[in-house]
>>> print(open('my_file_5.txt').read())   # compact mmCIF, C-alpha atoms and all ligand atoms
# COMPACT_ATOMS: atom_id res chain seq x y z
CA MET A 7 -2.07 20.34 -25.48
CA GLY A 8 -4.30 17.78 -27.21
CA GLN A 9 -2.27 17.97 -30.41
CA TRP A 10 1.03 17.69 -28.62
CA ILE A 11 -0.18 14.58 -26.82
CA ASP A 12 -1.45 12.94 -29.98
CA ARG A 13 1.86 13.41 -31.77
CA ALA A 14 3.95 12.24 -28.83
CA PHE A 15 1.69 9.24 -28.32
CA ALA A 16 1.82 8.27 -32.00
CA LEU A 17 5.60 8.21 -31.79
CA PHE A 18 5.50 6.25 -28.53
CA GLU A 19 3.11 3.71 -30.02
CA GLU A 20 5.32 3.23 -33.04
CA GLN A 21 8.40 2.74 -30.87
CA GLN A 22 6.65 0.15 -28.72
CA ARG A 23 5.18 -1.70 -31.65
CA TYR A 24 8.65 -2.00 -33.07
CA ARG A 25 9.78 -3.54 -29.75
CA GLY A 26 6.93 -6.04 -29.82
CA ILE A 27 4.85 -4.39 -27.08
CA ASP A 28 1.07 -4.40 -27.41
CA VAL A 29 0.12 -0.85 -26.46
CA ASN A 30 -3.58 -1.65 -26.16
CA TRP A 31 -2.79 -4.29 -23.57
CA VAL A 32 -0.55 -1.77 -21.77
CA LYS A 33 -3.39 0.76 -21.71
CA GLN A 34 -5.80 -1.82 -20.40
CA LYS A 35 -3.47 -2.88 -17.60
CA LEU A 36 -2.70 0.70 -16.68
CA THR A 37 -6.33 1.75 -16.36
CA GLY A 38 -6.97 -1.43 -14.37
CA LEU A 39 -4.43 -0.53 -11.68
CA LYS A 40 -6.26 0.50 -8.50
CA ILE A 41 -4.45 1.96 -5.52
CA GLU A 42 -5.97 2.26 -2.07
CA THR A 43 -5.24 5.41 -0.08
CA PRO A 44 -5.07 5.43 3.74
CA SER A 45 -7.45 7.55 5.81
CA TRP A 46 -4.55 8.43 8.12
CA GLY A 47 -2.61 10.00 5.27
CA TYR A 48 -5.12 12.85 5.13
CA GLY A 49 -4.71 13.83 8.77
CA ASP A 50 -1.89 15.55 10.62
CA SER A 51 1.01 13.34 11.55
CA GLY A 52 4.64 14.00 12.25
CA THR A 53 7.82 12.79 13.78
CA ARG A 54 8.66 12.17 17.40
CA PHE A 55 9.90 15.76 17.52
CA LYS A 56 6.88 17.63 16.31
CA VAL A 57 3.46 17.34 14.73
CA PHE A 58 2.82 20.48 12.68
CA GLN A 59 -0.84 21.37 12.56
CA LYS A 60 -2.11 22.14 9.10
CA VAL A 61 -5.08 24.24 8.13
CA GLY A 62 -7.95 22.32 6.53
CA VAL A 63 -7.12 18.85 7.79
CA PRO A 64 -10.14 16.52 8.17
CA ARG A 65 -11.79 16.54 11.57
CA ASN A 66 -13.50 13.16 11.28
CA PRO A 67 -13.59 10.02 9.13
CA PHE A 68 -16.24 11.53 6.85
CA GLU A 69 -14.00 14.45 5.95
CA LYS A 70 -11.13 12.04 5.34
CA LEU A 71 -13.36 10.37 2.75
CA ASP A 72 -14.11 13.77 1.20
CA ASP A 73 -10.39 14.29 0.67
CA ALA A 74 -9.83 10.75 -0.59
CA ALA A 75 -12.61 11.35 -3.12
CA GLN A 76 -10.59 14.25 -4.52
CA VAL A 77 -7.70 11.91 -5.21
CA HIS A 78 -10.00 9.38 -6.83
CA ASN A 79 -11.91 11.91 -8.93
CA LEU A 80 -8.70 13.34 -10.35
CA THR A 81 -6.92 10.03 -11.01
CA GLY A 82 -9.72 7.50 -11.43
CA ALA A 83 -7.36 5.09 -9.71
CA CYS A 84 -8.19 5.23 -5.99
CA PRO A 85 -11.71 3.94 -5.39
CA SER A 86 -11.06 2.51 -1.92
CA VAL A 87 -9.88 3.94 1.39
CA ALA A 88 -8.21 2.00 4.19
CA ILE A 89 -9.46 2.73 7.69
CA HIS A 90 -7.70 2.47 11.05
CA ILE A 91 -9.68 1.53 14.15
CA PRO A 92 -10.12 3.34 16.55
CA TRP A 93 -8.84 6.39 14.62
CA ASP A 94 -11.81 6.02 12.30
CA LYS A 95 -14.24 4.69 14.86
CA VAL A 96 -17.80 5.85 14.24
CA GLU A 97 -21.15 5.16 15.93
CA ASN A 98 -22.70 3.79 12.78
CA TYR A 99 -20.57 2.05 10.18
CA SER A 100 -23.34 1.76 7.63
CA LYS A 101 -23.50 5.57 7.61
CA LEU A 102 -19.77 5.69 6.84
CA THR A 103 -20.15 3.05 4.13
CA GLU A 104 -23.08 4.87 2.54
CA TYR A 105 -21.19 8.13 2.69
CA ALA A 106 -18.24 6.51 0.91
CA GLN A 107 -20.60 5.17 -1.75
CA SER A 108 -22.16 8.58 -2.26
CA LEU A 109 -18.65 9.83 -3.12
CA GLY A 110 -17.96 6.96 -5.51
CA LEU A 111 -15.70 5.26 -2.96
CA ARG A 112 -15.72 2.15 -0.84
CA ILE A 113 -14.03 1.19 2.42
CA GLY A 114 -10.95 -0.93 1.82
CA ALA A 115 -8.68 -2.60 4.32
CA VAL A 116 -9.58 -2.44 8.00
CA ASN A 117 -6.47 -1.82 10.14
CA PRO A 118 -6.80 -2.69 13.82
CA ASN A 119 -4.77 -0.48 16.10
CA VAL A 120 -3.26 -2.26 19.09
CA PHE A 121 -0.40 0.13 19.65
CA GLN A 122 -1.73 3.37 21.01
CA GLU A 123 -3.26 2.60 24.34
CA ASP A 124 -1.11 2.68 27.48
CA ASP A 125 -2.00 -0.95 28.11
CA TYR A 126 0.00 -1.89 25.01
CA MET A 127 3.27 -0.29 26.05
CA LEU A 128 4.92 -3.68 26.59
CA GLY A 129 3.04 -5.49 23.85
CA SER A 130 -0.51 -6.24 22.74
CA VAL A 131 -1.12 -9.84 21.68
CA THR A 132 2.34 -10.72 23.04
CA ASN A 133 2.00 -8.94 26.38
CA ALA A 134 2.95 -11.02 29.42
CA ASN A 135 -0.33 -9.94 31.00
CA PRO A 136 -3.12 -12.30 29.84
CA GLU A 137 -5.80 -9.62 30.28
CA ILE A 138 -4.01 -7.31 27.88
CA ARG A 139 -3.52 -10.13 25.41
CA ARG A 140 -7.24 -10.84 25.57
CA LYS A 141 -8.12 -7.18 25.13
CA ALA A 142 -5.90 -6.96 22.05
CA THR A 143 -7.33 -10.11 20.49
CA GLN A 144 -10.85 -8.86 21.20
CA HIS A 145 -9.99 -5.71 19.26
CA LEU A 146 -8.82 -7.79 16.30
CA LEU A 147 -12.10 -9.69 16.42
CA GLU A 148 -14.06 -6.45 16.67
CA CYS A 149 -12.30 -5.31 13.49
CA VAL A 150 -13.40 -8.47 11.67
CA HIS A 151 -16.91 -7.55 12.74
CA ILE A 152 -16.44 -4.00 11.40
CA MET A 153 -15.24 -5.50 8.11
CA LYS A 154 -18.63 -7.16 7.74
CA GLU A 155 -20.39 -3.85 8.41
CA VAL A 156 -18.35 -1.83 5.92
CA GLY A 157 -18.13 -4.59 3.30
CA SER A 158 -14.35 -4.92 3.52
CA ASP A 159 -12.51 -8.08 2.53
CA VAL A 160 -9.04 -7.20 3.81
CA LEU A 161 -7.91 -7.23 7.44
CA SER A 162 -4.52 -5.54 7.52
CA LEU A 163 -2.44 -6.34 10.58
CA TRP A 164 0.59 -4.54 11.86
CA PHE A 165 1.84 -4.95 15.42
CA ALA A 166 4.13 -2.60 17.29
CA ASP A 167 4.96 -5.52 19.58
CA GLY A 168 8.61 -5.86 20.42
CA THR A 169 11.13 -5.22 23.16
CA ASN A 170 13.91 -2.73 23.82
CA TYR A 171 16.34 -4.81 25.85
CA PRO A 172 17.73 -8.33 25.91
CA GLY A 173 15.78 -10.42 28.39
CA GLN A 174 12.87 -8.00 28.54
CA GLY A 175 10.55 -10.54 26.98
CA HIS A 176 10.51 -14.27 26.35
CA ILE A 177 10.95 -14.22 22.59
CA ARG A 178 9.69 -17.74 21.88
CA GLN A 179 6.78 -17.44 24.26
CA ARG A 180 5.76 -14.18 22.58
CA LYS A 181 6.01 -15.87 19.19
CA GLN A 182 3.49 -18.47 20.38
CA TRP A 183 1.13 -15.85 21.79
CA MET A 184 1.27 -13.98 18.49
CA GLN A 185 0.31 -17.12 16.59
CA GLU A 186 -2.53 -17.88 19.02
CA ALA A 187 -4.04 -14.43 18.55
CA LEU A 188 -3.68 -14.64 14.78
CA ALA A 189 -5.27 -18.09 14.73
CA GLU A 190 -8.26 -16.96 16.77
CA THR A 191 -8.75 -13.98 14.46
CA TYR A 192 -8.27 -16.10 11.36
CA LYS A 193 -11.10 -18.38 12.47
CA ALA A 194 -13.46 -15.41 12.58
CA LEU A 195 -12.84 -14.45 8.94
CA ALA A 196 -15.65 -14.96 6.42
CA PRO A 197 -14.65 -17.06 3.38
CA ASN A 198 -14.24 -13.97 1.16
CA MET A 199 -11.91 -12.25 3.64
CA ARG A 200 -8.13 -12.11 3.64
CA MET A 201 -5.79 -11.41 6.52
CA LEU A 202 -2.65 -9.53 5.51
CA ILE A 203 0.28 -9.74 7.90
CA GLU A 204 2.74 -6.85 7.84
CA TYR A 205 6.27 -7.06 9.21
CA LYS A 206 8.84 -4.47 10.21
CA PHE A 207 12.30 -5.06 11.53
CA PHE A 208 12.40 -2.37 14.19
CA GLU A 209 10.56 0.59 15.70
CA PRO A 210 9.00 1.14 18.11
CA GLY A 211 10.83 -1.90 19.51
CA PHE A 212 14.56 -1.32 19.20
CA TYR A 213 15.89 -4.68 20.35
CA HIS A 214 13.48 -7.16 18.81
CA THR A 215 10.19 -7.00 16.96
CA ASP A 216 7.82 -9.96 17.16
CA LEU A 217 7.12 -9.99 13.40
CA ALA A 218 10.43 -8.63 12.18
CA ASP A 219 10.69 -9.75 8.59
CA TRP A 220 8.93 -11.36 5.64
CA GLY A 221 10.02 -14.83 6.73
CA MET A 222 8.28 -14.52 10.07
CA ALA A 223 5.14 -13.09 8.47
CA PHE A 224 5.27 -15.83 5.84
CA ASN A 225 5.63 -18.56 8.44
CA ALA A 226 2.73 -17.19 10.46
CA ALA A 227 0.54 -16.90 7.36
CA THR A 228 1.43 -20.37 6.12
CA LYS A 229 0.47 -21.94 9.44
CA LEU A 230 -2.85 -20.09 9.42
CA GLY A 231 -4.01 -21.12 5.96
CA PRO A 232 -4.86 -19.83 2.50
CA GLN A 233 -6.71 -16.71 3.66
CA ALA A 234 -3.59 -15.34 5.36
CA GLU A 235 -0.93 -13.63 3.29
CA VAL A 236 2.03 -11.32 3.68
CA LEU A 237 1.89 -7.54 3.31
CA VAL A 238 5.08 -5.89 2.09
CA ASP A 239 5.54 -2.31 3.29
CA THR A 240 8.36 -0.99 1.13
CA GLY A 241 9.81 1.01 4.03
CA HIS A 242 10.11 -1.91 6.44
CA HIS A 243 13.46 -3.35 5.48
CA ALA A 244 17.07 -2.91 6.45
CA GLN A 245 19.20 -0.75 4.17
CA GLY A 246 20.11 -2.50 0.98
CA THR A 247 17.50 -5.26 1.22
CA ASN A 248 16.43 -6.54 -2.18
CA VAL A 249 12.69 -5.94 -1.84
CA GLU A 250 11.84 -7.15 -5.34
CA HIS A 251 13.44 -10.48 -4.51
CA ILE A 252 11.12 -10.82 -1.50
CA VAL A 253 8.20 -9.93 -3.78
CA ALA A 254 9.19 -12.58 -6.32
CA TYR A 255 9.65 -15.21 -3.60
CA LEU A 256 6.25 -14.52 -2.03
CA LEU A 257 4.56 -14.52 -5.43
CA ASP A 258 6.01 -17.91 -6.21
CA GLU A 259 4.69 -19.23 -2.90
CA GLY A 260 1.25 -17.74 -3.54
CA LYS A 261 1.60 -15.66 -0.38
CA LEU A 262 1.95 -12.08 -1.52
CA GLY A 263 -1.21 -10.35 -0.33
CA GLY A 264 -0.56 -6.66 -0.64
CA PHE A 265 1.67 -3.64 -0.42
CA HIS A 266 2.08 -0.54 1.62
CA PHE A 267 3.87 1.77 -0.77
CA ASN A 268 5.98 4.65 0.49
CA SER A 269 9.50 5.95 0.07
CA ARG A 270 12.39 5.78 2.44
CA LYS A 271 15.96 6.87 2.56
CA TYR A 272 16.94 5.65 6.01
CA ALA A 273 14.26 3.72 7.90
CA ASP A 274 10.46 3.67 7.98
CA ASP A 275 10.32 7.23 6.66
CA ASP A 276 6.78 7.02 5.20
CA LEU A 277 7.54 9.57 2.49
CA ILE A 278 5.82 10.15 -0.85
CA VAL A 279 6.09 7.05 -3.05
CA GLY A 280 8.72 7.10 -5.76
CA THR A 281 10.64 10.10 -4.45
CA THR A 282 13.63 7.95 -3.49
CA ASN A 283 14.74 5.07 -5.69
CA PRO A 284 11.84 4.89 -8.16
CA TYR A 285 13.77 2.12 -9.92
CA GLU A 286 13.02 -0.18 -6.98
CA LEU A 287 9.31 0.35 -7.51
CA PHE A 288 9.70 -0.34 -11.21
CA LEU A 289 11.54 -3.59 -10.42
CA ILE A 290 8.82 -4.63 -7.99
CA PHE A 291 6.22 -4.19 -10.73
CA TYR A 292 8.47 -6.03 -13.16
CA GLN A 293 8.44 -9.05 -10.82
CA ILE A 294 4.67 -8.88 -10.44
CA LEU A 295 4.06 -8.66 -14.19
CA GLU A 296 6.48 -11.47 -14.79
CA ALA A 297 4.62 -13.65 -12.27
CA GLY A 298 1.41 -12.70 -14.07
CA ARG A 299 2.71 -14.68 -17.06
CA ASP A 300 3.62 -17.80 -15.07
CA LYS A 301 2.39 -21.17 -16.25
CA ASN A 302 1.32 -21.94 -12.67
CA GLU A 303 -2.23 -20.66 -12.24
CA ASN A 304 -1.81 -20.06 -8.51
CA VAL A 305 1.12 -17.72 -9.13
CA ARG A 306 -0.85 -15.84 -11.78
CA LYS A 307 -3.84 -15.53 -9.45
CA THR A 308 -1.63 -14.24 -6.64
CA ALA A 309 -0.22 -11.57 -8.92
CA GLU A 310 -3.76 -10.59 -9.93
CA HIS A 311 -5.26 -10.11 -6.50
CA ILE A 312 -2.55 -8.03 -4.83
CA ALA A 313 -3.95 -5.21 -2.69
CA TYR A 314 -2.01 -2.09 -3.65
CA MET A 315 -2.13 0.41 -0.83
CA VAL A 316 -0.31 3.59 0.01
CA ASP A 317 0.92 3.96 3.58
CA GLN A 318 2.50 7.30 4.15
CA SER A 319 2.29 10.14 6.61
CA HIS A 320 2.79 13.78 5.87
CA ALA A 321 4.70 15.87 8.37
CA ILE A 322 5.54 18.91 6.24
CA GLU A 323 3.72 18.46 2.95
CA SER A 324 0.11 19.22 1.94
CA LYS A 325 -1.78 15.99 2.37
CA ILE A 326 -3.92 15.76 -0.76
CA PRO A 327 -1.18 16.83 -3.22
CA ALA A 328 1.22 14.45 -1.45
CA MET A 329 -1.21 11.59 -1.94
CA LEU A 330 -1.76 12.57 -5.56
CA ARG A 331 1.98 12.65 -6.18
CA SER A 332 2.30 9.12 -4.78
CA VAL A 333 -0.48 7.79 -6.98
CA LEU A 334 0.96 9.47 -10.07
CA ASN A 335 4.42 8.12 -9.30
CA ILE A 336 3.06 4.61 -8.87
CA GLN A 337 1.26 4.84 -12.21
CA THR A 338 4.44 6.05 -13.89
CA GLN A 339 6.54 3.16 -12.62
CA TYR A 340 3.82 0.65 -13.41
CA ALA A 341 3.56 2.04 -16.93
CA LYS A 342 7.30 1.62 -17.41
CA ALA A 343 7.23 -1.93 -16.08
CA LEU A 344 4.47 -2.74 -18.58
CA LEU A 345 6.99 -1.97 -21.33
CA VAL A 346 9.37 -4.77 -20.36
CA ASN A 347 9.69 -7.25 -23.19
CA HIS A 348 9.64 -10.49 -21.21
CA GLU A 349 10.55 -12.64 -24.20
CA ALA A 350 13.67 -10.57 -24.74
CA VAL A 351 14.63 -10.98 -21.08
CA ALA A 352 13.98 -14.73 -21.15
CA ASP A 353 15.94 -15.07 -24.34
CA ALA A 354 18.97 -13.31 -22.91
CA GLN A 355 18.71 -15.38 -19.72
CA LYS A 356 18.75 -18.59 -21.75
CA ARG A 357 21.86 -17.47 -23.56
CA ASN A 358 23.45 -16.50 -20.23
CA ASP A 359 23.75 -13.02 -21.65
CA VAL A 360 24.14 -11.01 -18.46
CA LEU A 361 24.28 -7.58 -20.00
CA GLY A 362 21.63 -8.39 -22.59
CA ALA A 363 19.20 -9.41 -19.84
CA GLU A 364 19.95 -6.36 -17.72
CA ASN A 365 19.48 -4.18 -20.76
CA ALA A 366 16.15 -5.74 -21.66
CA VAL A 367 14.82 -4.80 -18.23
CA ARG A 368 16.36 -1.33 -17.90
CA GLU A 369 15.42 -0.30 -21.41
CA ALA A 370 11.74 -0.26 -20.41
CA TYR A 371 12.50 2.04 -17.48
CA GLU A 372 14.13 4.57 -19.73
CA PHE A 373 11.08 5.32 -21.89
CA ASP A 374 9.12 8.49 -21.36
CA VAL A 375 5.62 7.28 -20.47
CA SER A 376 4.05 10.71 -20.07
CA PRO A 377 2.32 10.62 -23.51
CA LEU A 378 0.85 7.22 -22.61
CA LEU A 379 -0.38 8.46 -19.22
CA ALA A 380 -1.80 11.62 -20.78
CA VAL A 381 -3.72 9.59 -23.35
CA ILE A 382 -5.24 7.16 -20.89
CA ARG A 383 -6.30 10.07 -18.67
CA GLU A 384 -7.86 11.87 -21.61
CA GLU A 385 -9.67 8.73 -22.69
CA GLN A 386 -11.15 8.36 -19.21
CA GLY A 387 -12.25 11.99 -19.10
CA LEU A 388 -9.69 12.75 -16.39
CA PRO A 389 -7.40 15.77 -16.20
CA VAL A 390 -4.15 15.14 -18.03
CA ASP A 391 -2.32 16.82 -15.14
CA PRO A 392 -4.21 15.80 -11.98
CA MET A 393 -1.86 17.70 -9.67
CA ARG A 394 -2.40 20.97 -11.48
CA ALA A 395 -6.11 20.33 -11.70
CA PHE A 396 -6.23 19.92 -7.94
CA LEU A 397 -4.25 23.07 -7.23
CA GLU A 398 -6.55 25.03 -9.56
CA SER A 399 -9.74 23.46 -8.26
CA GLY A 400 -10.07 25.69 -5.18
CA TYR A 401 -10.69 22.63 -2.96
CA GLN A 402 -7.75 23.40 -0.68
CA GLU A 403 -9.06 26.93 -0.13
CA LYS A 404 -12.53 25.57 0.52
CA ILE A 405 -11.43 23.13 3.23
CA ALA A 406 -9.50 25.86 5.03
CA ALA A 407 -12.84 26.53 6.74
CA ARG A 408 -12.23 23.35 8.75
CA GLY A 409 -9.54 25.26 10.64
CA VAL A 410 -6.66 23.49 12.39
CA GLY A 411 -6.49 20.54 14.73
CA GLY A 412 -7.58 17.59 12.61
CA SER A 413 -5.25 14.65 13.07
CA SER A 414 -4.68 11.10 11.96
CA TRP A 415 -5.88 9.86 15.28
C1 LIG B 1 3.77 0.92 10.73
O1 LIG B 1 4.99 1.18 10.66
C2 LIG B 1 3.07 0.34 9.65
O2 LIG B 1 3.57 0.76 8.42
C3 LIG B 1 1.55 0.22 9.69
O3 LIG B 1 1.05 -0.06 8.42
C4 LIG B 1 0.73 1.26 10.39
O4 LIG B 1 -0.46 0.70 10.76
C5 LIG B 1 0.41 2.49 9.59
O5 LIG B 1 1.61 3.12 9.22
C6 LIG B 1 -0.42 3.48 10.38
O6 LIG B 1 0.29 3.92 11.50
ZN ZN B 2 19.10 11.74 18.62
ZN ZN B 3 2.58 -0.01 6.63
ZN ZN B 4 5.52 1.63 8.56
>>> encode(input="my_file_5.txt", output="structure tokens", more="lines below")
Ligand code: AOS
Ligand code: ZN
Ligand code: ZN
Ligand code: ZN
Amino acid sequence: MGQWIDRAFALFEEQQRYRGIDVNWVKQKLTGLKIETPSWGYGDSGTRFKVFQKVGVPRNPFEKLDDAAQVHNLTGACPSVAIHIPWDKVENYSKLTEYAQSLGLRIGAVNPNVFQEDDYMLGSVTNANPEIRRKATQHLLECVHIMKEVGSDVLSLWFADGTNYPGQGHIRQRKQWMQEALAETYKALAPNMRMLIEYKFFEPGFYHTDLADWGMAFNAATKLGPQAEVLVDTGHHAQGTNVEHIVAYLLDEGKLGGFHFNSRKYADDDLIVGTTNPYELFLIFYQILEAGRDKNENVRKTAEHIAYMVDQSHAIESKIPAMLRSVLNIQTQYAKALLVNHEAVADAQKRNDVLGAENAVREAYEFDVSPLLAVIREEQGLPVDPMRAFLESGYQEKIAARGVGGSSW
């Protein structure tokens, strides 16, 4: 194996050098890419038709961290874990933080949950009932408090608020209530904290959603101030939406805060990243890397501090291998995007060479980056094939002792 990798990598390096790509820089960027995994991705979840119970699913937040540590140990790329409150509510958050540290992990984004209690059926921060609005805002504030306890600097907000029928809610009034709740929460943030605002165009609301698209999230974030930014969940757009365009636009405005990566074919499918349309993911990374070269420092900084997170749920697949597959697929597309020769693209653009420009981008996508990935894994002392290493590790058999019945929430 070692020999095969060395020969393939030598050829790859030569090819890239010829194209004007600095492979050492590519390696550096690639090892620097960190991807946060979600605690809820390790538990049972499903569709509205059925939640299949799997053997060995974590029974508490500590066991979710155990599983997340597997993904990090095998990839070296996932040092932080997003938590969802109250799904991951514990008596003592310093115990959870210390436990994460003992596994080589840290707690990442804190995700308030204002969509699962009966009170929130007709909205949380946009509910017509002021008591429910207050309760929801209090929960957001409680989550800012939890951030301080777990050492998190990202508050990740997604609201299920919306309506099913015309006239059911006062759309403009709800918009104002949303902004009020966000503003109150924003004020509670410490200077090092960011608030990421996620949007989604439908579901569970089927008529209107209070934060339906990137423009609404952007407007809300802009009114709040520099610590508020937009979170792009790749599954939260209408069919055919040009997601990389949204990414480029938000980067240019200094308002792209983070991602929830997942794959979708039809709606918010929450499937393994890169299984449908991996080219889209490549093009997203292309936009980010391009912004990383901008002459405007603010744009460069925005591209640097993006929070890359996975948001997926596993109805039929094994959770840890599914998470691994997502991380590996993200690395693959990022690696390909690192091979874009931006000068060649810019040159073709200047000449109005449509096909030349398209070619300069696509060409990078068509390289086989597996020798590159194998080499950086070897250099970090990681398994060259993390998926296989996991399946052979015996961990899955070991956690079978947990039995069934663990769930995301
Ligand atoms: C929901 O569709 C969103 O993607 C949220 O990020 C949500 O909080 C997460 O999927 C957990 O349910
Ligand atoms: Zn149906
Ligand atoms: Zn999401
Ligand atoms: Zn979603």
>>> residues_around(input="my_file_5.txt", residues="A:Glu104", least_positions_apart="6", cutoff="10 Å", atoms="all atoms listed in the file", output="CSV table (one decimal) with C-alpha atoms, keeping the file's coordinate frame")
chain,number,residue,atom,x,y,z
A,110,GLY,CA,-18.0,7.0,-5.5
A,111,LEU,CA,-15.7,5.3,-3.0
A,112,ARG,CA,-15.7,2.2,-0.8
A,113,ILE,CA,-14.0,1.2,2.4
A,156,VAL,CA,-18.4,-1.8,5.9
>>> residues_near_ligand(input="my_file_5.txt", ligand="ligand ZN 3 (chain B)", cutoff="6 Å", atoms="only C-alpha atoms and all ligand atoms", output="list in words")
Asp239, His266 and Asp317 of chain A
>>> closest_residue(input="my_file_5.txt", among="A:Lys40, A:Lys60, A:Lys307, A:His214", to="A:Ala321", atoms="only C-alpha atoms")
A:Lys60
>>> residues_near_point(input="my_file_5.txt", point="(13.9, 4.0, -9.0)", cutoff="12 Å", atoms="all atoms listed in the file", output="list in words")
Glu250, Ser269, Arg270, Val279, Gly280, Thr281, Thr282, Asn283, Pro284, Tyr285, Glu286, Leu287, Phe288, Leu289, Ile290, Phe291, Asn335, Ile336, Thr338, Gln339, Tyr340, Lys342, Ala343, Arg368, Tyr371 and Glu372 of chain A
>>> residues_around(input="my_file_5.txt", residues="stretch 295-300 of chain A", least_positions_apart="4", cutoff="7 Å", atoms="only C-alpha atoms", output="number ranges by chain")
A: 257, 291, 305-306, 309-310
>>> write_last_selection(input="my_file_5.txt", atoms="C-alpha atoms", output="PDB file, keeping the file's coordinate frame")
ATOM      1  CA  LEU A 257       4.560 -14.520  -5.430  1.00  0.00           C
ATOM      2  CA  PHE A 291       6.220  -4.190 -10.730  1.00  0.00           C
ATOM      3  CA  VAL A 305       1.120 -17.720  -9.130  1.00  0.00           C
ATOM      4  CA  ARG A 306      -0.850 -15.840 -11.780  1.00  0.00           C
ATOM      5  CA  ALA A 309      -0.220 -11.570  -8.920  1.00  0.00           C
ATOM      6  CA  GLU A 310      -3.760 -10.590  -9.930  1.00  0.00           C
TER       7      GLU A 310
END
>>> axis_aligned_box(input="my_file_5.txt", around="stretch 384-395 of chain A", padding_each_side="4 Å", output="JSON")
{"center_x": -7.1, "center_y": 14.7, "center_z": -16.2, "size_x": 18.4, "size_y": 20.6, "size_z": 21.0}
>>> residues_near_ligand(input="my_file_5.txt", ligand="ligand LIG 1 (chain B)", cutoff="8 Å", atoms="all atoms listed in the file", output="list in words")
Trp46, His90, Asn117, Pro118, Asn119, Ser162, Leu163, Trp164, Phe165, Ala166, Glu204, Lys206, Glu209, Asp239, Gly241, His242, His266, Asp274, Asp276, Asp317, Gln318 and Ser319 of chain A
>>> write_last_selection(input="my_file_5.txt", atoms="C-alpha atoms", output="compact mmCIF listing (two decimals), in the coordinates of the input")
# COMPACT_ATOMS: atom_id res chain seq x y z
CA TRP A 46 -4.55 8.43 8.12
CA HIS A 90 -7.70 2.47 11.05
CA ASN A 117 -6.47 -1.82 10.14
CA PRO A 118 -6.80 -2.69 13.82
CA ASN A 119 -4.77 -0.48 16.10
CA SER A 162 -4.52 -5.54 7.52
CA LEU A 163 -2.44 -6.34 10.58
CA TRP A 164 0.59 -4.54 11.86
CA PHE A 165 1.84 -4.95 15.42
CA ALA A 166 4.13 -2.60 17.29
CA GLU A 204 2.74 -6.85 7.84
CA LYS A 206 8.84 -4.47 10.21
CA GLU A 209 10.56 0.59 15.70
CA ASP A 239 5.54 -2.31 3.29
CA GLY A 241 9.81 1.01 4.03
CA HIS A 242 10.11 -1.91 6.44
CA HIS A 266 2.08 -0.54 1.62
CA ASP A 274 10.46 3.67 7.98
CA ASP A 276 6.78 7.02 5.20
CA ASP A 317 0.92 3.96 3.58
CA GLN A 318 2.50 7.30 4.15
CA SER A 319 2.29 10.14 6.61
>>> atom_distance(input="my_file_5.txt", atom1="atom CA of A:Pro44", atom2="atom CA of A:Val87")
5.6 Å
>>> closest_residue(input="my_file_5.txt", among="A:Gln233, A:Asn358, A:Thr43, A:Gln293", to="A:Ala115", atoms="only C-alpha atoms")
A:Thr43
>>> residues_near_point(input="my_file_5.txt", point="(4.3, -2.8, 0.3)", cutoff="8 Å", atoms="only C-alpha atoms", output="MDAnalysis selection string")
chainID A and resid 237:241 264:268 314:316
>>> atom_distance(input="my_file_5.txt", atom1="atom CA of A:Gln402", atom2="atom CA of A:Lys95")
25.2 Å
>>> residues_around(input="my_file_5.txt", residues="A:Met201", least_positions_apart="2", cutoff="9 Å", atoms="all atoms listed in the file", output="PyMOL selection string")
chain A and resi 159-163+191-192+195+199+203+227+233-236+263
